[in-house]
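Asker: File follows, upload15.cif with mmCIF, C-alpha atoms:
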data_work
loop_
_atom_site.label_atom_id
_atom_site.label_comp_id
_atom_site.auth_asym_id
_atom_site.auth_seq_id
_atom_site.Cartn_x
_atom_site.Cartn_y
_atom_site.Cartn_z
CA MET U 18 83.89 80.48 122.59
CA LEU U 19 80.65 82.15 121.43
CA TRP U 20 80.73 84.49 124.42
CA ASN U 21 84.35 85.46 123.59
CA ILE U 22 83.31 86.31 120.03
CA TYR U 23 80.45 88.42 121.36
CA ASN U 24 82.76 90.14 123.87
CA PHE U 25 85.30 90.97 121.15
CA PHE U 26 82.60 92.39 118.89
CA VAL U 27 81.00 94.55 121.59
CA SER U 28 84.33 95.82 122.97
CA TYR U 29 85.57 97.09 119.62
CA ALA U 30 82.17 98.27 118.38
CA ASN U 31 81.98 100.47 121.48
CA VAL U 32 85.51 101.78 120.93
CA ASP U 33 84.75 102.60 117.30
CA GLY U 34 81.30 103.99 118.08
CA TRP U 35 79.67 101.57 115.65
CA GLU U 36 75.90 101.14 115.54
CA PHE U 37 73.83 98.88 113.31
CA SER U 38 72.22 100.90 110.53
CA GLY U 39 69.30 98.53 110.01
CA SER U 40 70.60 96.42 107.11
CA ALA U 41 73.78 94.48 106.46
CA LYS U 42 75.78 95.79 103.50
CA LYS U 43 77.23 93.31 101.03
CA SER U 44 80.96 93.02 101.64
CA GLU U 45 83.73 92.45 99.12
CA ASN U 46 86.06 91.05 101.78
CA ILE U 47 86.47 87.32 101.19
CA LEU U 48 86.40 86.58 104.93
CA ASP U 49 82.97 88.20 105.16
CA ARG U 50 81.66 86.37 102.09
CA TRP U 51 83.04 83.11 103.48
CA ILE U 52 81.46 83.35 106.93
CA VAL U 53 78.11 84.49 105.45
CA SER U 54 78.18 81.48 103.12
CA LEU U 55 78.85 79.15 106.06
CA LEU U 56 76.09 80.86 108.06
CA ASN U 57 73.44 80.35 105.40
CA GLN U 58 74.48 76.73 104.93
CA LEU U 59 74.19 76.29 108.70
CA VAL U 60 70.67 77.79 108.73
CA LYS U 61 69.67 75.45 105.91
CA ASP U 62 71.11 72.39 107.69
CA GLU U 63 69.70 73.33 111.11
CA THR U 64 66.21 73.74 109.67
CA ILE U 65 66.34 70.20 108.31
CA ASP U 66 67.94 68.70 111.45
CA LEU U 67 65.55 70.28 113.94
CA ASP U 68 62.52 69.52 111.78
CA ASN U 69 63.66 65.90 112.05
CA PHE U 70 64.41 66.21 115.81
CA ASP U 71 68.05 65.36 115.09
CA THR U 72 69.61 67.41 117.89
CA ALA U 73 72.89 65.46 117.89
CA SER U 74 73.64 66.45 114.28
CA SER U 75 72.37 69.97 114.95
CA ILE U 76 74.67 70.54 117.93
CA ALA U 77 77.70 69.12 116.09
CA LYS U 78 77.19 71.50 113.15
CA ILE U 79 76.73 74.51 115.44
CA GLY U 80 79.92 73.60 117.30
CA LYS U 81 81.89 73.37 114.06
CA PHE U 82 80.53 76.70 112.84
CA ILE U 83 81.40 78.52 116.08
CA ASP U 84 84.91 77.07 115.91
CA GLU U 85 85.33 78.38 112.34
CA PHE U 86 83.81 81.72 113.35
CA SER U 87 86.26 82.16 116.21
CA THR U 88 89.52 80.54 115.15
CA TRP U 89 89.57 81.79 111.57
CA TYR U 90 87.10 84.62 110.92
CA ILE U 91 87.52 86.63 114.14
CA ARG U 92 91.24 85.94 114.47
CA ARG U 93 91.94 86.99 110.90
CA SER U 94 89.71 90.08 111.26
CA ARG U 95 91.29 91.53 114.42
CA ASP U 96 93.36 94.09 112.51
CA ARG U 97 90.26 95.31 110.64
CA VAL U 98 88.80 97.07 113.70
CA GLY U 99 89.80 99.36 116.53
CA PRO U 100 91.51 102.77 116.60
CA THR U 101 94.54 101.57 114.60
CA ALA U 102 92.51 100.20 111.65
CA GLU U 103 92.85 102.53 108.66
CA ASN U 104 90.25 101.21 106.18
CA GLY U 105 86.89 102.63 107.27
CA ASN U 106 84.88 100.76 104.65
CA ASP U 107 86.42 97.42 105.62
CA LYS U 108 85.81 98.18 109.29
CA GLU U 109 82.13 98.84 108.54
CA ALA U 110 81.95 95.62 106.51
CA PHE U 111 83.31 93.61 109.43
CA TYR U 112 80.91 95.06 111.99
CA SER U 113 77.91 94.74 109.71
CA THR U 114 78.77 91.14 108.82
CA CYS U 115 79.64 90.09 112.36
CA PHE U 116 76.42 91.61 113.71
CA GLU U 117 74.38 89.70 111.13
CA VAL U 118 76.16 86.44 111.90
CA LEU U 119 75.86 86.80 115.68
CA THR U 120 72.18 87.72 115.69
CA THR U 121 71.25 85.02 113.18
CA LEU U 122 73.32 82.46 115.08
CA CYS U 123 71.47 83.36 118.29
CA ARG U 124 68.16 82.60 116.60
CA VAL U 125 69.48 79.27 115.35
CA ILE U 126 70.87 78.26 118.75
CA ALA U 127 67.88 79.52 120.76
CA PRO U 128 66.03 76.15 120.93
CA LEU U 129 69.18 74.44 122.22
CA ALA U 130 70.87 77.03 124.51
CA PRO U 131 68.05 79.44 125.37
CA PHE U 132 69.62 81.51 128.15
CA THR U 133 73.06 82.42 126.81
CA VAL U 134 71.81 83.50 123.39
CA GLU U 135 68.92 85.39 124.98
CA GLU U 136 71.38 87.67 126.75
CA ILE U 137 73.57 88.11 123.67
CA TYR U 138 70.64 88.79 121.35
CA LYS U 139 68.89 91.28 123.65
CA ASN U 140 72.12 93.19 124.30
CA LEU U 141 72.92 93.41 120.59
CA THR U 142 69.47 94.29 119.26
CA GLY U 143 67.57 95.89 122.14
CA GLU U 144 64.62 93.66 121.23
CA GLU U 145 62.43 91.96 123.83
CA SER U 146 63.55 88.37 123.27
CA VAL U 147 65.25 86.10 120.77
CA HIS U 148 62.44 83.62 121.43
CA LEU U 149 59.88 86.04 119.98
CA THR U 150 61.67 86.31 116.63
CA GLU U 151 61.00 84.35 113.46
CA TRP U 152 63.14 81.35 112.61
CA PRO U 153 65.75 82.48 110.04
CA ILE U 154 65.43 81.43 106.40
CA ALA U 155 68.60 80.53 104.52
CA ASN U 156 69.48 82.76 101.57
CA GLU U 157 70.85 80.10 99.24
CA SER U 158 72.14 82.72 96.80
CA LEU U 159 74.74 83.61 99.46
CA ILE U 160 75.99 80.02 99.78
CA ASP U 161 79.20 80.19 97.76
CA ASP U 162 80.83 76.78 97.28
CA LYS U 163 83.75 78.29 95.34
CA THR U 164 84.65 80.72 98.14
CA GLU U 165 84.33 77.99 100.76
CA GLN U 166 86.60 75.67 98.76
CA GLU U 167 89.11 78.47 98.15
CA MET U 168 89.32 79.04 101.91
CA VAL U 169 89.88 75.30 102.45
CA TYR U 170 92.87 75.44 100.09
CA ALA U 171 94.15 78.63 101.75
CA ARG U 172 94.06 77.00 105.16
CA GLN U 173 95.90 73.94 103.83
CA ILE U 174 98.69 76.26 102.66
CA VAL U 175 98.70 78.09 105.99
CA GLU U 176 98.94 74.81 107.91
CA GLN U 177 101.87 73.63 105.80
CA GLY U 178 103.51 77.05 106.00
CA HIS U 179 103.38 77.05 109.79
CA ALA U 180 104.82 73.53 109.85
CA MET U 181 107.70 74.58 107.55
CA ARG U 182 108.41 77.62 109.75
CA LYS U 183 108.53 75.39 112.82
CA ASN U 184 110.84 72.88 111.17
CA GLN U 185 113.25 75.67 110.21
CA GLY U 186 113.03 77.34 113.62
CA PHE U 187 111.38 80.57 112.45
CA LYS U 188 108.63 81.93 114.69
CA VAL U 189 105.64 83.63 113.07
CA ARG U 190 106.73 87.07 114.29
CA GLN U 191 109.73 86.89 111.91
CA PRO U 192 108.55 88.21 108.51
CA LEU U 193 109.59 86.23 105.46
CA ASN U 194 109.90 87.26 101.83
CA SER U 195 107.89 84.72 99.85
CA LEU U 196 106.43 81.30 99.32
CA VAL U 197 105.35 79.34 96.25
CA SER U 198 102.21 77.21 96.37
CA ILE U 199 100.20 75.03 94.03
CA ALA U 200 96.45 74.59 94.13
CA PRO U 201 93.64 73.49 91.81
CA ILE U 202 92.50 77.13 91.54
CA GLU U 203 94.07 80.57 91.37
CA PHE U 204 93.38 82.55 94.53
CA CYS U 205 91.70 85.94 94.54
CA ALA U 206 93.55 88.93 96.01
CA GLY U 207 91.65 88.66 99.29
CA THR U 208 92.70 85.05 99.83
CA ILE U 209 96.33 85.89 99.00
CA SER U 210 96.21 88.70 101.56
CA THR U 211 94.74 86.36 104.17
CA ILE U 212 97.57 83.85 103.65
CA GLN U 213 100.18 86.62 103.78
CA ASN U 214 98.82 88.01 107.04
CA GLU U 215 98.46 84.59 108.70
CA LEU U 216 101.98 83.46 107.75
CA ASN U 217 103.58 86.93 108.06
CA ILE U 218 104.98 86.70 104.55
CA HIS U 219 105.36 89.41 101.91
CA LYS U 220 104.58 87.52 98.72
CA VAL U 221 102.55 84.42 97.84
CA ASP U 222 103.07 83.00 94.35
CA ASN U 223 99.94 81.05 93.44
CA SER U 224 100.44 81.22 89.68
CA VAL U 225 100.99 77.47 89.24
CA LYS U 226 97.75 75.49 89.12
CA ALA U 227 97.67 71.71 89.37
CA ASN U 228 94.89 69.19 88.98
CA ILE U 229 95.19 67.84 92.50
CA GLY U 230 92.76 67.43 95.37
CA ALA U 231 94.60 69.72 97.79
CA ALA U 232 96.85 72.76 97.96
CA SER U 233 100.46 72.63 99.07
CA VAL U 234 103.54 74.80 99.62
CA THR U 235 106.37 73.92 97.26
CA ASN U 236 108.92 76.47 98.45
CA MET U 237 109.37 79.04 101.22
CA ASP U 238 112.17 81.61 101.23
CA PHE U 239 113.91 81.58 104.62
CA GLN U 240 116.64 84.10 103.73
CA ILE U 241 116.50 86.89 106.33
CA THR U 242 117.57 90.34 105.19
CA GLN U 243 118.29 93.36 107.38
CA ALA U 244 114.95 94.85 106.34
CA LEU U 245 113.13 91.73 107.53
CA GLU U 246 115.03 91.83 110.84
CA ASP U 247 114.05 95.47 111.32
CA GLU U 248 110.41 94.63 110.57
CA ARG U 249 110.54 91.82 113.15
CA ASP U 250 112.08 94.14 115.73
CA ALA U 251 109.32 96.69 115.12
CA ARG U 252 106.66 94.02 115.65
CA ASP U 253 108.36 92.88 118.86
CA ILE U 254 108.41 96.47 120.12
CA VAL U 255 104.68 96.88 119.43
CA ARG U 256 103.94 93.58 121.17
CA LYS U 257 106.02 94.59 124.21
CA ILE U 258 104.28 97.95 124.44
CA GLN U 259 100.84 96.33 124.11
CA GLU U 260 101.70 93.99 126.99
CA GLU U 261 102.74 96.97 129.10
CA ARG U 262 99.55 98.81 128.16
CA LYS U 263 97.55 95.93 129.66
CA LYS U 264 99.64 96.01 132.85
CA ILE U 265 98.99 99.71 133.45
CA GLY U 266 95.30 99.37 132.54
CA THR U 267 94.91 101.50 129.42
CA ASN U 268 91.69 101.40 127.45
CA LEU U 269 91.67 100.03 123.89
CA ASP U 270 91.62 103.54 122.40
CA GLU U 271 93.73 105.32 125.05
CA ARG U 272 96.87 107.00 123.79
CA ILE U 273 100.20 106.82 125.63
CA ASN U 274 103.74 108.16 125.77
CA ALA U 275 106.59 105.67 125.43
CA SER U 276 110.34 105.56 125.89
CA LEU U 277 112.55 102.99 124.15
CA PRO U 278 116.31 102.36 124.08
CA ASP U 279 116.17 102.08 120.29
CA TRP U 280 113.87 101.21 117.37
CA PRO U 281 114.14 100.81 113.57
CA SER U 282 113.72 104.38 112.35
CA GLU U 283 111.92 103.37 109.14
CA PHE U 284 109.17 101.75 111.24
CA GLU U 285 108.72 104.62 113.70
CA ASP U 286 105.39 105.78 112.26
CA GLU U 287 104.04 102.22 112.23
CA ILE U 288 105.10 101.62 115.84
CA LYS U 289 103.42 104.84 116.96
CA ARG U 290 100.24 104.07 115.01
CA LYS U 291 99.83 100.46 116.14
CA ALA U 292 100.66 101.14 119.81
CA LEU U 293 98.72 104.45 119.94
CA ILE U 294 101.80 106.44 120.96
CA ASN U 295 101.70 110.24 121.10
CA ASN U 296 105.34 110.87 122.01
CA LEU U 297 108.15 108.36 121.44
CA THR U 298 111.48 109.21 123.04
CA LYS U 299 114.82 107.48 123.60
CA GLY U 300 115.67 106.15 127.04
CA GLU U 301 114.88 103.24 129.33
CA PHE U 302 111.77 101.28 128.38
CA SER U 303 108.63 102.84 129.87
CA VAL U 304 104.98 103.32 128.98
CA THR U 305 102.92 106.05 130.63
CA LYS U 306 99.35 107.25 130.37
CA ILE U 307 98.84 110.74 129.07
#
Output the file's structure as structure tokens, nothing else.

Answerer:
Amino acid sequence: MLWNIYNFFVSYANVDGWEFSGSAKKSENILDRWIVSLLNQLVKDETIDLDNFDTASSIAKIGKFIDEFSTWYIRRSRDRVGPTAENGNDKEAFYSTCFEVLTTLCRVIAPLAPFTVEEIYKNLTGEESVHLTEWPIANESLIDDKTEQEMVYARQIVEQGHAMRKNQGFKVRQPLNSLVSIAPIEFCAGTISTIQNELNIHKVDNSVKANIGAASVTNMDFQITQALEDERDARDIVRKIQEERKKIGTNLDERINASLPDWPSEFEDEIKRKALINNLTKGEFSVTKI
């Protein structure tokens, strides 16, 4: 899982021509703040565990962190990078944050998995060895309990939302209009956006707060309009083209020409942008390199 994270980071950093500038910039993206908070808590915990020779606890905490890093942070950040990502500042924030997390994580794991992290660290930094670096020191000012708890609530809503979709027979690729949730806190805009993107939903109403120990979804709108059907069809077209791109061996940033029997006209620009299409014409389905 760690190697897959590293591979994703390097692949897209190369495509985008990103290089580390020498210092990580503070990000406003809640996903970045969340993973940095978890990282500094991990460094703090690992220092205590390894000082006490408690490798069992140390390994368990590292495993949990890598799982969070991969299944939530990286997965929810995929659209932030690559040639189709439009927000340059957010792209820079992702790369800078992910580089910091990966290199710090290598230093933390080095006593326990010396060979794998040695290769990752040397390839990322160009330095002689991870084993010649100083042990990291946790920056406790970056440990943000509020952000961590907010993400816990967000993921509770996402889990329930996916379950409700499944019960109603709606796959995630079908956009929905809205849901209403309750939680002990009001979410920031970044958390709302994260829920929307994960559940493929246009609006999240989090205005009702309740003094409860968890967050929950109280209502989800399953009425499908023509606009939502067209949006789904556009997503399916992009997915189909991306699958064909892999079959013909295009690079991540390589542009193509495509032919389709039909497509929702209002989503033409989005289809062309997300699938890196130069010319889109009507006809039998085909994808060709330029």

Asker: Expand the PyMOL selection byres ((chain U and resi 275-288) around 12) into the explicit residue set it covers here, and present it as a PyMOL selection string.

Answerer: chain U and resi 101-103+243-259+261-262+272-274+289-307

Asker: Show which residues sit within 8 Å of Ala231 of chain U, as a VMD selection string. Count all atoms listed in the file, and ignore same-chain residues fewer than 5 positions away.

Answerer: chain U and resid 170 173 200 to 201

Asker: Quick one: which segment 73-158 of chain U residues come within 12 Å of segment 20-27 of chain U, and what is the nearest atom pair for each with the distance in Å to one decimal, counting all atoms listed in the file, rows ordered by chain and ascending number, as JSON lines?

Answerer:
{"residue": "U:Ile83", "atom": "CA", "partner": "U:Ile22", "partner_atom": "CA", "distance": 8.9}
{"residue": "U:Asp84", "atom": "CA", "partner": "U:Ile22", "partner_atom": "CA", "distance": 10.2}
{"residue": "U:Glu85", "atom": "CA", "partner": "U:Ile22", "partner_atom": "CA", "distance": 11.2}
{"residue": "U:Phe86", "atom": "CA", "partner": "U:Ile22", "partner_atom": "CA", "distance": 8.1}
{"residue": "U:Ser87", "atom": "CA", "partner": "U:Ile22", "partner_atom": "CA", "distance": 6.4}
{"residue": "U:Thr88", "atom": "CA", "partner": "U:Ile22", "partner_atom": "CA", "distance": 9.8}
{"residue": "U:Trp89", "atom": "CA", "partner": "U:Ile22", "partner_atom": "CA", "distance": 11.5}
{"residue": "U:Tyr90", "atom": "CA", "partner": "U:Ile22", "partner_atom": "CA", "distance": 10.0}
{"residue": "U:Ile91", "atom": "CA", "partner": "U:Ile22", "partner_atom": "CA", "distance": 7.2}
{"residue": "U:Arg92", "atom": "CA", "partner": "U:Ile22", "partner_atom": "CA", "distance": 9.7}
{"residue": "U:Ser94", "atom": "CA", "partner": "U:Phe26", "partner_atom": "CA", "distance": 10.7}
{"residue": "U:Arg95", "atom": "CA", "partner": "U:Phe25", "partner_atom": "CA", "distance": 9.0}
{"residue": "U:Arg97", "atom": "CA", "partner": "U:Phe26", "partner_atom": "CA", "distance": 11.6}
{"residue": "U:Val98", "atom": "CA", "partner": "U:Phe26", "partner_atom": "CA", "distance": 9.3}
{"residue": "U:Gly99", "atom": "CA", "partner": "U:Phe26", "partner_atom": "CA", "distance": 10.3}
{"residue": "U:Lys108", "atom": "CA", "partner": "U:Phe26", "partner_atom": "CA", "distance": 11.7}
{"residue": "U:Phe111", "atom": "CA", "partner": "U:Phe26", "partner_atom": "CA", "distance": 9.6}
{"residue": "U:Tyr112", "atom": "CA", "partner": "U:Phe26", "partner_atom": "CA", "distance": 7.6}
{"residue": "U:Ser113", "atom": "CA", "partner": "U:Phe26", "partner_atom": "CA", "distance": 10.6}
{"residue": "U:Thr114", "atom": "CA", "partner": "U:Phe26", "partner_atom": "CA", "distance": 10.8}
{"residue": "U:Cys115", "atom": "CA", "partner": "U:Phe26", "partner_atom": "CA", "distance": 7.5}
{"residue": "U:Phe116", "atom": "CA", "partner": "U:Phe26", "partner_atom": "CA", "distance": 8.1}
{"residue": "U:Glu117", "atom": "CA", "partner": "U:Phe26", "partner_atom": "CA", "distance": 11.6}
{"residue": "U:Val118", "atom": "CA", "partner": "U:Tyr23", "partner_atom": "CA", "distance": 10.6}
{"residue": "U:Leu119", "atom": "CA", "partner": "U:Tyr23", "partner_atom": "CA", "distance": 7.5}
{"residue": "U:Thr120", "atom": "CA", "partner": "U:Tyr23", "partner_atom": "CA", "distance": 10.1}
{"residue": "U:Leu122", "atom": "CA", "partner": "U:Tyr23", "partner_atom": "CA", "distance": 11.2}
{"residue": "U:Cys123", "atom": "CA", "partner": "U:Tyr23", "partner_atom": "CA", "distance": 10.8}
{"residue": "U:Thr133", "atom": "CA", "partner": "U:Trp20", "partner_atom": "CA", "distance": 8.3}
{"residue": "U:Val134", "atom": "CA", "partner": "U:Trp20", "partner_atom": "CA", "distance": 9.0}
{"residue": "U:Glu135", "atom": "CA", "partner": "U:Trp20", "partner_atom": "CA", "distance": 11.9}
{"residue": "U:Glu136", "atom": "CA", "partner": "U:Trp20", "partner_atom": "CA", "distance": 10.1}
{"residue": "U:Ile137", "atom": "CA", "partner": "U:Tyr23", "partner_atom": "CA", "distance": 7.3}
{"residue": "U:Tyr138", "atom": "CA", "partner": "U:Tyr23", "partner_atom": "CA", "distance": 9.8}
{"residue": "U:Asn140", "atom": "CA", "partner": "U:Val27", "partner_atom": "CA", "distance": 9.4}
{"residue": "U:Leu141", "atom": "CA", "partner": "U:Val27", "partner_atom": "CA", "distance": 8.2}
{"residue": "U:Thr142", "atom": "CA", "partner": "U:Val27", "partner_atom": "CA", "distance": 11.8}

Asker: Would you translate the PyMOL selection byres ((chain U and resi 171) around 9) into the concrete set of residues it matches in this file, as a list in words?

Answerer: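 Taken over the shown coordinates, the PyMOL selection byres ((chain U and resi 171) around 9) returns Gln166, Glu167, Met168, Val169, Tyr170, Arg172, Gln173, Ile174, Val175, Glu176, Ala200, Phe204, Thr208, Ile209, Thr211, Ile212 and Ala232 of chain U.
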
Asker: Closest to Asp49 of chain U among U:Phe187, U:Glu109, U:Leu269, U:Ser195, using only C-alpha atoms?

Answerer: U:Glu109

Asker: Quick check on the file I pasted: which residues fall under the PyMOL selection byres ((chain U and resi 213-221) around 8)? Write them as a ChimeraX atom specification.

Answerer: /U:93,175,178-179,189-198,209-212,222-223

Asker: Could you jot down the atom CA of Gly105 of chain U to atom CA of Cys205 of chain U separation for me, Å, one decimal place?

Answerer: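 Interatomic distance here is 21.5 Å.
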
Asker: In terms of the shortest atom-to-atom distance over all atoms listed in the file, which of U:Gln177, U:Ala127, U:Asn184, U:Leu59 is closest to Glu151 of chain U?

Answerer: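 That would be U:Ala127, the residue with the smallest distance to Glu151 of chain U.
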
Asker: Suppose you want the space between atom CA of Ser233 of chain U and atom CA of Phe82 of chain U; what is it in Å?

Answerer: 24.6 Å
